[in-house]
Amino acid sequence: MTPGGGGSSRAASLLLAGALALLVHAQPSPASSAQPADSVTLALVGGQVIDGYGESPIEDGVVLISGNRIARVGSEAEVEVPEGTRVVSTEGMTVMPGLFDMHVHLQILGHGDYERWNELYGDRLAEDVMPVAARQLLAAGVTSARDLGAPPEDILEVRRRIRSGDVPGPRLFVAGAFLQDAPYEPWQSDYRWGVDGPEDARSKVRRLVEAGVDVIKLIDQDRMEEPEVEAVVDAAHDAGLPVVAHAHRVEEILVGLEHGVDNFEHTGLGTAPGYPERVMRELRERNLDLYWTPTVSPLYVMRYTGSRFPERLDDPGWRRFMPDSMAREIRASLEHIPRLPYYADFPARIPTLPDKFDQLRDAGVKMMIGTDAGIPSMFHIDATWREMERWQRLGVDPMRIIQAATLVPARFLGVQDRLGTLAPGKLADVIAVRGDPLRDMRAMRDVEVVVKDGRRVH
Ligand SMILES: [Zn+2]
C-alpha cells in the first residue's frame, strides 16, 4: 500500500482487482495456457475452491502448483492434472488462500503473567519461544502473520530463520518495538520504546526502518505531544511504511486519525456502549483508506476458558511443539483466569462489542482478521479460527470473513500481487479445511492441508 495515499488509488486498485477476478473466472480452459507436464509439482484435487476474489466457489476444484507459484485454478472439468503429478486429494474439503493473522505476538504463548514470562523466557525468545508460536500458526493455516510488538532483534532473527527455512512458520511482517510515551515497566524497555520529542521520534522510527521492520506500531498517541505523533507518522510514511495504532480511547483514535494513522487495532473504548458521533464522522470520511483490526475474540475466549470450559486448558492441542515444562508453566498461570488483572473489565466490555463492531462495519472501514494471539489464553494454534467464527456470530458473511483473512490483509501489506488470492502466478500459499466454512466458520478449526511457497508443510 501507499501509506497516507489518497482513497482514490485504493478504490482504483479495488476495481482493478475486481476486473482481474472476472478475467480469471471468465477464463475457460484454452489448451495454449496449459502447463507442460513436467513443470507442475503439486496438485490439490477435488475440493471446493475459494479463490479469495469473493465470487462463488469452484465445485470439484483443482489447484495446480508449479514450484512456488500457482499455475492453474479451475474445476476438474477444465483443468487437466498432468500425468505423474503429485496429487493431494481435497475431497470433502474447502481450498482457499493461506490465512493472514494481522495481529499476533510471537514473544508470548498465552501465559497469564507477562512479567513472570519475561523472567523465565525473556532471554530466549528467538531461540525457544517464537518458533513455537510460528509452528502453531502454520499448523492453523496461517501462512502470513503480522507481529505487532516484540523485541526487534528477536522477531527479526526469527523472520530470517523462517525465510531461510531453519524454522517452520508463516511469512512474517513485523513491527518490532511499540513506539509510545514511555514503557509501563522498566523490564519492558526492549519492546516498548519511549519517545522523547519529535527528533527522538524520527530517530527511533529510522532505527526500526533500518533494522528492517514492515510496519510501525504506535500506541498511547493521545498521551504523547502532538509533534511527536506527527514525527512518528511522517517518518514512517517517508520510509514507505504504514502506521498501525491502538484505538483504546476516543482521544487516541482522534489523534491517530488527525495525523494519518493507516490502521487501528482493537475495538477499544472499554465499557462505553459505542463510538461517539465525532469519531464516526471521521471514520466515514476516511473509510476508503482506513483499515481496522477489531480483535474481538480474546474477550470471549478468555471468559469461555475462565468460567465456562476450563477443560480447554487440558486440551493437548495448544501444547503442540512446546516442551512440557513450558506447557506446565502456562497451564499454572491460567489456573484462575477471572483473577488475572488483565481480565478485570472483560465481563462488562463483552456486551458492548457487537454494537461497536457494527459501527465499524457501518463506517465502511476495511476490517481485517487479527487475534492478539499470545495474550493470556489466546493460543496461536486456535486463535485465528476463533476470531473468524466470532465474526460469523456477529453477522458477517463468511465469504467476507475469508477475504478479511486473505485479500484485504494482502492489500494492506502491499503484497496483493503475490499473496491473498489463488490465481496463476501468485505465490503458492494454499490451505484446505475439512467441510464448508461458507456454512459454518467452525470448519476453519480442521486445517488438513497447508502449502506454503509451493511446499506442503502440514
Ligand atoms: Zn497486541
# chains A, B, ... in the order shown; residues from 1 in each chain; ligands from 1
$ residues_around --residues "stretch 419-427 of chain A" --least-positions-apart "4" --cutoff "6 Å" --atoms "only C-alpha atoms" --output "JSON, numbers by chain"
{"A": [51, 52, 68, 69, 70, 71, 72, 97, 406, 407, 410, 415, 453]}
$ atom_distance --atom1 "atom CA of A:Ala145" --atom2 "atom CA of A:Val132"
13.9 Å
$ residues_around --residues "A:Ala373" --least-positions-apart "4" --cutoff "9 Å" --atoms "only C-alpha atoms" --output "compact mmCIF listing (two decimals) with C-alpha atoms, in the first residue's frame"
# COMPACT_ATOMS: atom_id res chain seq x y z
CA ASP A 101 -3.45 -13.17 11.04
CA HIS A 103 -2.29 -9.18 14.99
CA VAL A 104 -0.11 -11.70 16.76
CA HIS A 105 2.67 -11.65 19.34
CA LEU A 106 5.21 -14.43 18.93
CA ILE A 108 4.26 -14.81 24.41
CA LEU A 109 2.31 -18.06 24.22
CA GLY A 110 -0.88 -17.46 26.20
CA ALA A 133 4.25 -19.71 18.05
CA PRO A 298 -9.87 -12.51 23.03
CA SER A 377 -5.31 -17.92 26.93
CA MET A 378 -5.08 -16.87 23.25
CA PHE A 379 -3.03 -19.71 21.80
CA HIS A 380 -1.57 -19.41 18.32
CA ILE A 381 -2.91 -22.83 17.41
CA ASP A 382 -6.60 -21.85 17.65
CA ALA A 383 -6.79 -18.06 17.79
CA THR A 384 -7.43 -17.38 14.11
$ residues_around --residues "A:Glu285" --least-positions-apart "6" --cutoff "10 Å" --atoms "only C-alpha atoms" --output "list in words"
Ala363, Gly364 and Val365 of chain A
$ write_last_selection --atoms "C-alpha atoms" --output "short mmCIF file (atom, residue, chain, number, x, y, z; two decimals), in the first residue's frame"
data_model
loop_
_atom_site.label_atom_id
_atom_site.label_comp_id
_atom_site.auth_asym_id
_atom_site.auth_seq_id
_atom_site.Cartn_x
_atom_site.Cartn_y
_atom_site.Cartn_z
CA ALA A 363 -18.46 3.29 8.79
CA GLY A 364 -17.03 1.28 5.90
CA VAL A 365 -13.50 0.86 7.24
#
$ select_by_dssp --residues "stretch 407-441 of chain A" --states "strand (DSSP E)" --output "PDB file with N, CA and C atoms, in the first residue's frame"
ATOM      1  N   VAL A 430      -1.471 -22.050   0.104  1.00  0.00           N
ATOM      2  CA  VAL A 430      -2.822 -22.599  -0.078  1.00  0.00           C
ATOM      3  C   VAL A 430      -3.143 -23.508   1.103  1.00  0.00           C
ATOM      4  N   ILE A 431      -4.361 -23.428   1.593  1.00  0.00           N
ATOM      5  CA  ILE A 431      -4.754 -24.357   2.657  1.00  0.00           C
ATOM      6  C   ILE A 431      -6.043 -25.075   2.269  1.00  0.00           C
ATOM      7  N   ALA A 432      -6.289 -26.191   2.936  1.00  0.00           N
ATOM      8  CA  ALA A 432      -7.569 -26.877   2.773  1.00  0.00           C
ATOM      9  C   ALA A 432      -8.087 -27.252   4.152  1.00  0.00           C
ATOM     10  N   VAL A 433      -9.375 -26.950   4.367  1.00  0.00           N
ATOM     11  CA  VAL A 433     -10.018 -27.283   5.641  1.00  0.00           C
ATOM     12  C   VAL A 433     -11.136 -28.281   5.371  1.00  0.00           C
ATOM     13  N   ARG A 434     -11.377 -29.150   6.348  1.00  0.00           N
ATOM     14  CA  ARG A 434     -12.437 -30.137   6.168  1.00  0.00           C
ATOM     15  C   ARG A 434     -13.796 -29.459   6.304  1.00  0.00           C
TER      16      ARG A 434
END
$ select_by_dssp --residues "stretch 223-422 of chain A" --states "helix (DSSP H, G or I)" --output "MDAnalysis selection string"
chainID A and resid 223 226:238 250:258 277:289 297:308 310:314 316:319 324:333 337:339 341:343 346:363 383:393 398:404 407:412
$ residues_near_ligand --ligand "ligand 1" --cutoff "9 Å" --atoms "only C-alpha atoms and all ligand atoms" --output "compact mmCIF listing (two decimals) with C-alpha atoms, in the first residue's frame"
# COMPACT_ATOMS: atom_id res chain seq x y z
CA HIS A 103 -2.29 -9.18 14.99
CA VAL A 104 -0.11 -11.70 16.76
CA HIS A 105 2.67 -11.65 19.34
CA ASP A 147 3.64 -9.43 14.66
CA LEU A 148 2.66 -6.18 16.36
CA GLY A 149 5.07 -5.95 19.26
CA HIS A 246 -4.14 1.39 19.19
CA GLU A 265 -6.20 -2.18 16.37
CA HIS A 266 -8.88 -3.45 18.82
CA THR A 295 -9.58 -8.33 17.59
CA THR A 371 -6.34 -12.07 17.16
CA ASP A 372 -3.74 -10.76 19.60
CA ALA A 373 -2.59 -14.40 19.76
CA GLY A 374 -0.11 -14.80 22.60
CA ILE A 375 -2.02 -12.81 25.22
$ atom_distance --atom1 "atom CA of A:Leu179" --atom2 "atom CA of A:Leu218"
4.9 Å
$ atom_distance --atom1 "atom CA of A:Val142" --atom2 "atom CA of A:Leu99"
4.5 Å
$ closest_residue --among "A:Arg418, A:Arg386, A:Arg135, A:Arg124" --to "A:Val450" --atoms "only C-alpha atoms"
A:Arg135
$ residues_around --residues "A:Val255" --least-positions-apart "3" --cutoff "9 Å" --atoms "only C-alpha atoms" --output "list in words"
Gln221, Asp222, Glu226, Val229, Val250, Glu251, Glu252, Glu258, His259, Gly260 and Val261 of chain A
$ write_last_selection --atoms "N, CA and C atoms" --output "PDB file, in the first residue's frame"
ATOM      1  N   GLN A 221      -1.016   7.327  21.602  1.00  0.00           N
ATOM      2  CA  GLN A 221      -0.687   8.577  20.899  1.00  0.00           C
ATOM      3  C   GLN A 221      -1.404   9.776  21.513  1.00  0.00           C
ATOM      4  N   ASP A 222      -2.483   9.517  22.264  1.00  0.00           N
ATOM      5  CA  ASP A 222      -3.164  10.632  22.939  1.00  0.00           C
ATOM      6  C   ASP A 222      -2.403  11.082  24.182  1.00  0.00           C
ATOM      7  N   GLU A 226       1.691  16.210  20.403  1.00  0.00           N
ATOM      8  CA  GLU A 226       1.271  16.055  19.002  1.00  0.00           C
ATOM      9  C   GLU A 226       2.432  16.112  18.006  1.00  0.00           C
ATOM     10  N   VAL A 229       3.759  12.653  17.678  1.00  0.00           N
ATOM     11  CA  VAL A 229       2.899  11.769  16.878  1.00  0.00           C
ATOM     12  C   VAL A 229       3.103  12.057  15.395  1.00  0.00           C
ATOM     13  N   VAL A 250     -11.214   7.328  22.932  1.00  0.00           N
ATOM     14  CA  VAL A 250     -11.709   8.244  21.908  1.00  0.00           C
ATOM     15  C   VAL A 250     -10.591   9.174  21.434  1.00  0.00           C
ATOM     16  N   GLU A 251      -9.870   9.760  22.399  1.00  0.00           N
ATOM     17  CA  GLU A 251      -8.818  10.712  22.011  1.00  0.00           C
ATOM     18  C   GLU A 251      -7.678  10.011  21.280  1.00  0.00           C
ATOM     19  N   GLU A 252      -7.427   8.760  21.659  1.00  0.00           N
ATOM     20  CA  GLU A 252      -6.354   8.010  20.991  1.00  0.00           C
ATOM     21  C   GLU A 252      -6.711   7.808  19.506  1.00  0.00           C
ATOM     22  N   GLU A 258      -6.140  12.242  13.047  1.00  0.00           N
ATOM     23  CA  GLU A 258      -5.644  13.589  12.726  1.00  0.00           C
ATOM     24  C   GLU A 258      -4.277  13.531  12.035  1.00  0.00           C
ATOM     25  N   HIS A 259      -3.457  12.574  12.471  1.00  0.00           N
ATOM     26  CA  HIS A 259      -2.085  12.544  11.948  1.00  0.00           C
ATOM     27  C   HIS A 259      -1.861  11.463  10.899  1.00  0.00           C
ATOM     28  N   GLY A 260      -2.932  10.795  10.475  1.00  0.00           N
ATOM     29  CA  GLY A 260      -2.793   9.932   9.296  1.00  0.00           C
ATOM     30  C   GLY A 260      -2.422   8.490   9.570  1.00  0.00           C
ATOM     31  N   VAL A 261      -2.808   7.969  10.750  1.00  0.00           N
ATOM     32  CA  VAL A 261      -2.618   6.540  11.014  1.00  0.00           C
ATOM     33  C   VAL A 261      -3.367   5.729   9.956  1.00  0.00           C
TER      34      VAL A 261
END
$ closest_residue --among "A:Trp187, A:Leu394, A:Val447, A:Thr305" --to "A:Arg116" --atoms "only C-alpha atoms"
A:Trp187
$ closest_residue --among "A:Ala235, A:Ala126, A:Leu340, A:Val279" --to "A:Leu360" --atoms "only C-alpha atoms"
A:Val279
$ closest_residue --among "A:Leu64, A:Val49, A:Val457, A:Pro323" --to "A:Val167" --atoms "only C-alpha atoms"
A:Val457
$ residues_around --residues "A:Met302" --least-positions-apart "5" --cutoff "10 Å" --atoms "only C-alpha atoms" --output "NGL selection string"
:A and (297 or 307-310 or 334 or 337-338 or 342-343 or 346-347 or 375-378)
$ closest_residue --among "A:Pro354, A:Glu185, A:Asp220, A:Glu230" --to "A:Arg202" --atoms "only C-alpha atoms"
A:Glu230
$ residues_around --residues "stretch 155-164 of chain A" --least-positions-apart "6" --cutoff "9 Å" --atoms "only C-alpha atoms" --output "mmCIF file with N, CA and C atoms, in the first residue's frame"
data_model
loop_
_atom_site.group_PDB
_atom_site.id
_atom_site.type_symbol
_atom_site.label_atom_id
_atom_site.label_comp_id
_atom_site.auth_asym_id
_atom_site.auth_seq_id
_atom_site.Cartn_x
_atom_site.Cartn_y
_atom_site.Cartn_z
ATOM 1 N N LEU A 106 4.490 -13.160 18.824
ATOM 2 C CA LEU A 106 5.209 -14.432 18.933
ATOM 3 C C LEU A 106 5.996 -14.542 20.229
ATOM 4 N N GLN A 107 6.171 -13.441 20.948
ATOM 5 C CA GLN A 107 7.024 -13.488 22.142
ATOM 6 C C GLN A 107 6.304 -14.041 23.378
ATOM 7 N N LEU A 125 13.757 -15.725 23.718
ATOM 8 C CA LEU A 125 12.566 -15.573 22.871
ATOM 9 C C LEU A 125 12.799 -16.133 21.469
ATOM 10 N N ALA A 126 13.888 -15.707 20.846
ATOM 11 C CA ALA A 126 14.138 -16.124 19.460
ATOM 12 C C ALA A 126 14.462 -17.611 19.399
ATOM 13 N N GLU A 127 15.110 -18.102 20.449
ATOM 14 C CA GLU A 127 15.558 -19.498 20.437
ATOM 15 C C GLU A 127 14.406 -20.466 20.742
ATOM 16 N N MET A 130 9.480 -17.993 20.230
ATOM 17 C CA MET A 130 8.865 -17.593 18.948
ATOM 18 C C MET A 130 8.714 -18.742 17.958
ATOM 19 N N PRO A 131 9.674 -19.686 17.911
ATOM 20 C CA PRO A 131 9.488 -20.809 16.979
ATOM 21 C C PRO A 131 8.260 -21.663 17.310
ATOM 22 N N ALA A 134 5.351 -19.761 15.896
ATOM 23 C CA ALA A 134 5.406 -19.800 14.425
ATOM 24 C C ALA A 134 4.877 -21.137 13.906
ATOM 25 N N ASP A 147 3.320 -9.523 13.234
ATOM 26 C CA ASP A 147 3.645 -9.427 14.659
ATOM 27 C C ASP A 147 3.683 -7.956 15.054
ATOM 28 N N GLY A 149 4.431 -6.379 18.023
ATOM 29 C CA GLY A 149 5.066 -5.954 19.256
ATOM 30 C C GLY A 149 5.956 -7.034 19.816
ATOM 31 N N PRO A 170 4.963 -18.950 9.431
ATOM 32 C CA PRO A 170 4.355 -18.115 8.398
ATOM 33 C C PRO A 170 5.337 -17.053 7.897
ATOM 34 N N ARG A 171 5.032 -16.474 6.752
ATOM 35 C CA ARG A 171 5.749 -15.278 6.328
ATOM 36 C C ARG A 171 5.458 -14.218 7.380
ATOM 37 N N LEU A 172 6.488 -13.593 7.916
ATOM 38 C CA LEU A 172 6.268 -12.623 8.984
ATOM 39 C C LEU A 172 6.389 -11.196 8.473
ATOM 40 N N PHE A 173 5.454 -10.371 8.918
ATOM 41 C CA PHE A 173 5.504 -8.928 8.712
ATOM 42 C C PHE A 173 5.550 -8.360 10.135
ATOM 43 N N VAL A 174 6.560 -7.579 10.460
ATOM 44 C CA VAL A 174 6.769 -7.264 11.874
ATOM 45 C C VAL A 174 6.863 -5.763 12.134
ATOM 46 N N ALA A 175 6.473 -5.409 13.369
ATOM 47 C CA ALA A 175 6.560 -4.017 13.809
ATOM 48 C C ALA A 175 7.804 -3.793 14.671
ATOM 49 N N GLY A 176 8.290 -4.868 15.337
ATOM 50 C CA GLY A 176 9.344 -4.658 16.329
ATOM 51 C C GLY A 176 8.759 -3.972 17.547
ATOM 52 N N ALA A 211 16.483 -1.443 10.726
ATOM 53 C CA ALA A 211 16.542 -2.847 11.174
ATOM 54 C C ALA A 211 15.725 -3.747 10.250
ATOM 55 N N GLY A 212 14.754 -3.159 9.521
ATOM 56 C CA GLY A 212 14.019 -3.941 8.522
ATOM 57 C C GLY A 212 12.576 -4.261 8.864
ATOM 58 N N VAL A 213 11.953 -3.471 9.751
ATOM 59 C CA VAL A 213 10.552 -3.768 10.077
ATOM 60 C C VAL A 213 9.636 -3.446 8.893
#
$ closest_residue --among "A:Gly370, A:Pro242, A:Gly395, A:Pro341" --to "A:Val296" --atoms "only C-alpha atoms"
A:Gly370
$ decode --residues "stretch 197-243 of chain A" --atoms "C-alpha atoms" --output "PDB file, in the first residue's frame"
ATOM      1  CA  GLY A 197      10.465  14.835  21.473  1.00  0.00           C
ATOM      2  CA  PRO A 198       9.955  14.883  17.684  1.00  0.00           C
ATOM      3  CA  GLU A 199      13.641  14.425  16.849  1.00  0.00           C
ATOM      4  CA  ASP A 200      13.826  11.328  19.073  1.00  0.00           C
ATOM      5  CA  ALA A 201      10.599  10.061  17.482  1.00  0.00           C
ATOM      6  CA  ARG A 202      12.085  10.356  13.998  1.00  0.00           C
ATOM      7  CA  SER A 203      15.334   8.699  15.006  1.00  0.00           C
ATOM      8  CA  LYS A 204      13.523   5.757  16.635  1.00  0.00           C
ATOM      9  CA  VAL A 205      11.410   5.221  13.532  1.00  0.00           C
ATOM     10  CA  ARG A 206      14.624   5.323  11.475  1.00  0.00           C
ATOM     11  CA  ARG A 207      16.253   2.712  13.743  1.00  0.00           C
ATOM     12  CA  LEU A 208      13.303   0.396  13.205  1.00  0.00           C
ATOM     13  CA  VAL A 209      13.234   1.056   9.467  1.00  0.00           C
ATOM     14  CA  GLU A 210      16.960   0.354   9.165  1.00  0.00           C
ATOM     15  CA  ALA A 211      16.542  -2.847  11.174  1.00  0.00           C
ATOM     16  CA  GLY A 212      14.019  -3.941   8.522  1.00  0.00           C
ATOM     17  CA  VAL A 213      10.552  -3.768  10.077  1.00  0.00           C
ATOM     18  CA  ASP A 214       7.450  -3.803   7.855  1.00  0.00           C
ATOM     19  CA  VAL A 215       5.109  -1.554   9.831  1.00  0.00           C
ATOM     20  CA  ILE A 216       5.398   0.994  12.649  1.00  0.00           C
ATOM     21  CA  LYS A 217       3.273   0.387  15.753  1.00  0.00           C
ATOM     22  CA  LEU A 218       2.188   3.465  17.664  1.00  0.00           C
ATOM     23  CA  ILE A 219       0.266   3.329  20.940  1.00  0.00           C
ATOM     24  CA  ASP A 220      -0.983   5.827  23.512  1.00  0.00           C
ATOM     25  CA  GLN A 221      -0.687   8.577  20.899  1.00  0.00           C
ATOM     26  CA  ASP A 222      -3.164  10.632  22.939  1.00  0.00           C
ATOM     27  CA  ARG A 223      -0.595  10.708  25.755  1.00  0.00           C
ATOM     28  CA  MET A 224       2.214  11.956  23.531  1.00  0.00           C
ATOM     29  CA  GLU A 225       2.920  15.502  22.377  1.00  0.00           C
ATOM     30  CA  GLU A 226       1.271  16.055  19.002  1.00  0.00           C
ATOM     31  CA  PRO A 227       4.565  16.979  17.266  1.00  0.00           C
ATOM     32  CA  GLU A 228       5.878  13.566  18.413  1.00  0.00           C
ATOM     33  CA  VAL A 229       2.899  11.769  16.878  1.00  0.00           C
ATOM     34  CA  GLU A 230       3.297  13.760  13.694  1.00  0.00           C
ATOM     35  CA  ALA A 231       7.009  12.896  13.584  1.00  0.00           C
ATOM     36  CA  VAL A 232       6.359   9.163  14.007  1.00  0.00           C
ATOM     37  CA  VAL A 233       3.726   9.020  11.262  1.00  0.00           C
ATOM     38  CA  ASP A 234       5.651  11.246   8.843  1.00  0.00           C
ATOM     39  CA  ALA A 235       8.937   9.398   9.335  1.00  0.00           C
ATOM     40  CA  ALA A 236       7.194   6.060   8.781  1.00  0.00           C
ATOM     41  CA  HIS A 237       5.414   7.285   5.654  1.00  0.00           C
ATOM     42  CA  ASP A 238       8.640   8.834   4.338  1.00  0.00           C
ATOM     43  CA  ALA A 239      10.173   5.369   4.603  1.00  0.00           C
ATOM     44  CA  GLY A 240       7.161   3.834   2.834  1.00  0.00           C
ATOM     45  CA  LEU A 241       5.819   2.058   5.916  1.00  0.00           C
ATOM     46  CA  PRO A 242       2.246   2.159   7.235  1.00  0.00           C
ATOM     47  CA  VAL A 243       1.452   3.118  10.821  1.00  0.00           C
TER      48      VAL A 243
END
